[in-house]
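Notes follow the structure.
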Amino acid sequence: MPRNYKSTEVFLKPDPKYGSLLASKIINKLMWTGKKSIAQKLLYDALDIVSQKIEKEQLEILEAAVENIRPRVEVRSKRVGGATYQVPHEVSRRRQQTLAIRWLVDMARSKRGKPMARRLADELFDAFNNQGAAVTKKENTHKMAEANSAYSHFA
């Protein structure tokens, strides 16, 4: 990250349908080549599909899914005396959300054979039920941090 980095989060506006910053962040992550209206339609269609399976509000489903994907700890490389160690670190709340959104969208994109709205809906449904590829990614991150807990004194 450059030394003069300024976060653009202050410019983030809530999405038009729910008034949620979380939904807006997911839309921005889904967006390709500046086509925000297409990304909005994808998210809203995916939430419609999931809300037919689960009898809850769409925004609650979205928040619960992201909450289930959030990693609490991660490993970071630290070089000590010529050796590189994977040192477990606590993850800040903001980075937890960023990683959860990134994993959710990336796992939905990695599936093939269905429209993107359906893939995103499947991943949201799985994340809501604490299953799926994004939750597996979180669990693998936690396992790696636990396996390297012997190096936590380097943190």
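Residue numbering restarts at 1 in every chain; chains get A, B, ... in the order shown in the structure tokens, and ligands count up from 1 in that same order.
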
Show me, as a PDB file with N, CA and C atoms, in the first residue's frame, the residues that have an atom within 6 Å of region 143-145 of chain A when counting only C-alpha atoms, minus same-chain residues fewer than 2 positions from it.
```pdb
ATOM      1  N   GLU A  74      -5.954 -14.535  10.564  1.00  0.00           N
ATOM      2  CA  GLU A  74      -5.309 -14.899   9.307  1.00  0.00           C
ATOM      3  C   GLU A  74      -3.813 -15.001   9.550  1.00  0.00           C
ATOM      4  N   VAL A  75      -3.102 -15.586   8.594  1.00  0.00           N
ATOM      5  CA  VAL A  75      -1.647 -15.664   8.719  1.00  0.00           C
ATOM      6  C   VAL A  75      -1.007 -14.639   7.787  1.00  0.00           C
ATOM      7  N   PRO A  88       0.197 -15.944  12.787  1.00  0.00           N
ATOM      8  CA  PRO A  88      -1.231 -15.624  12.884  1.00  0.00           C
ATOM      9  C   PRO A  88      -1.449 -14.223  13.459  1.00  0.00           C
ATOM     10  N   ASN A 140     -10.447 -22.837   6.316  1.00  0.00           N
ATOM     11  CA  ASN A 140      -9.055 -23.150   5.965  1.00  0.00           C
ATOM     12  C   ASN A 140      -8.108 -22.084   6.501  1.00  0.00           C
ATOM     13  N   THR A 141      -8.524 -20.822   6.434  1.00  0.00           N
ATOM     14  CA  THR A 141      -7.713 -19.726   6.967  1.00  0.00           C
ATOM     15  C   THR A 141      -7.534 -19.881   8.476  1.00  0.00           C
ATOM     16  N   ALA A 147      -2.662 -23.882  13.066  1.00  0.00           N
ATOM     17  CA  ALA A 147      -1.496 -24.738  12.864  1.00  0.00           C
ATOM     18  C   ALA A 147      -0.190 -23.971  13.087  1.00  0.00           C
ATOM     19  N   ASN A 148      -0.201 -22.681  12.820  1.00  0.00           N
ATOM     20  CA  ASN A 148       1.005 -21.866  12.965  1.00  0.00           C
ATOM     21  C   ASN A 148       0.988 -21.043  14.262  1.00  0.00           C
TER      22      ASN A 148
END
```

**OP:** Name the residues in contact with Val66 (chain A) at a cut-off of 12 Å, using only C-alpha atoms, excluding same-chain residues fewer than 2 positions from it; report them as a ChimeraX atom specification.
**Re:** /A:22-23,25-26,59-64,68-71,96-105,123-130,134-135,138

**OP:** Just list the residues in chain A DSSP gives alpha helix (DSSP H) on the backbone, as a ChimeraX atom specification.
**Re:** /A:21-30,36-53,58-69,93-110,116-128,132-147

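As for CA of Met116 (chain A) and CA of Lys13 (chain A), they are spaced 23.9 Å apart.
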
Subject >> Selected residue of minimal separation from Glu9 (chain A) among A:Ala133, A:Ala46, A:Ala117, A:Leu21, counting only C-alpha atoms >> reply: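 Among the listed residues, A:Leu21 lies closest to Glu9 (chain A).
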
Subject >> strand (DSSP E) call set, DSSP backbone run, region 14-142 of chain A, as an NGL selection string >> reply: :A and (73-80 or 83-90)

Residue selection dump (N, CA and C atoms) as a short mmCIF file (atom, residue, chain, number, x, y, z; two decimals), in the first residue's frame:
```cif
data_model
loop_
_atom_site.label_atom_id
_atom_site.label_comp_id
_atom_site.auth_asym_id
_atom_site.auth_seq_id
_atom_site.Cartn_x
_atom_site.Cartn_y
_atom_site.Cartn_z
N VAL A 73 -9.11 -14.65 12.29
CA VAL A 73 -7.64 -14.62 12.28
C VAL A 73 -7.15 -15.00 10.89
N GLU A 74 -5.95 -14.53 10.56
CA GLU A 74 -5.31 -14.90 9.31
C GLU A 74 -3.81 -15.00 9.55
N VAL A 75 -3.10 -15.59 8.59
CA VAL A 75 -1.65 -15.66 8.72
C VAL A 75 -1.01 -14.64 7.79
N ARG A 76 0.07 -14.06 8.28
CA ARG A 76 0.85 -13.12 7.48
C ARG A 76 2.31 -13.55 7.54
N SER A 77 3.00 -13.36 6.44
CA SER A 77 4.41 -13.75 6.38
C SER A 77 5.26 -12.75 7.15
N LYS A 78 6.19 -13.28 7.94
CA LYS A 78 7.13 -12.43 8.67
C LYS A 78 8.51 -13.05 8.52
N ARG A 79 9.45 -12.25 8.11
CA ARG A 79 10.81 -12.75 7.90
C ARG A 79 11.64 -12.49 9.15
N VAL A 80 12.17 -13.56 9.71
CA VAL A 80 12.98 -13.46 10.93
C VAL A 80 14.25 -14.26 10.72
N ALA A 83 14.61 -16.76 7.78
CA ALA A 83 13.50 -17.70 7.60
C ALA A 83 12.19 -16.91 7.55
N THR A 84 11.26 -17.42 6.78
CA THR A 84 9.96 -16.78 6.68
C THR A 84 8.94 -17.62 7.45
N TYR A 85 8.24 -16.97 8.38
CA TYR A 85 7.24 -17.67 9.20
C TYR A 85 5.85 -17.15 8.85
N GLN A 86 4.88 -18.05 8.91
CA GLN A 86 3.48 -17.67 8.75
C GLN A 86 2.95 -17.37 10.15
N VAL A 87 2.81 -16.09 10.47
CA VAL A 87 2.44 -15.67 11.81
C VAL A 87 0.95 -15.34 11.86
N PRO A 88 0.20 -15.94 12.79
CA PRO A 88 -1.23 -15.62 12.88
C PRO A 88 -1.45 -14.22 13.46
N HIS A 89 -2.42 -13.51 12.88
CA HIS A 89 -2.78 -12.16 13.32
C HIS A 89 -4.29 -12.07 13.45
N GLU A 90 -4.74 -11.24 14.39
CA GLU A 90 -6.17 -10.91 14.46
C GLU A 90 -6.49 -10.05 13.24
#
```

Subject >> Within 10 Å of Leu120 (chain A) using only C-alpha atoms, minus same-chain residues under 6 positions, as a ChimeraX atom specification >> reply: /A:30,42-43,45-47,49-50,104-109,111,114,126

**OP:** One decimal, Å: what's the distance from CA of Arg112 (chain A) over to CA of Thr33 (chain A), could you say?
**Re:**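 CA of Thr33 (chain A) lies at a distance of 20.6 Å from CA of Arg112 (chain A).
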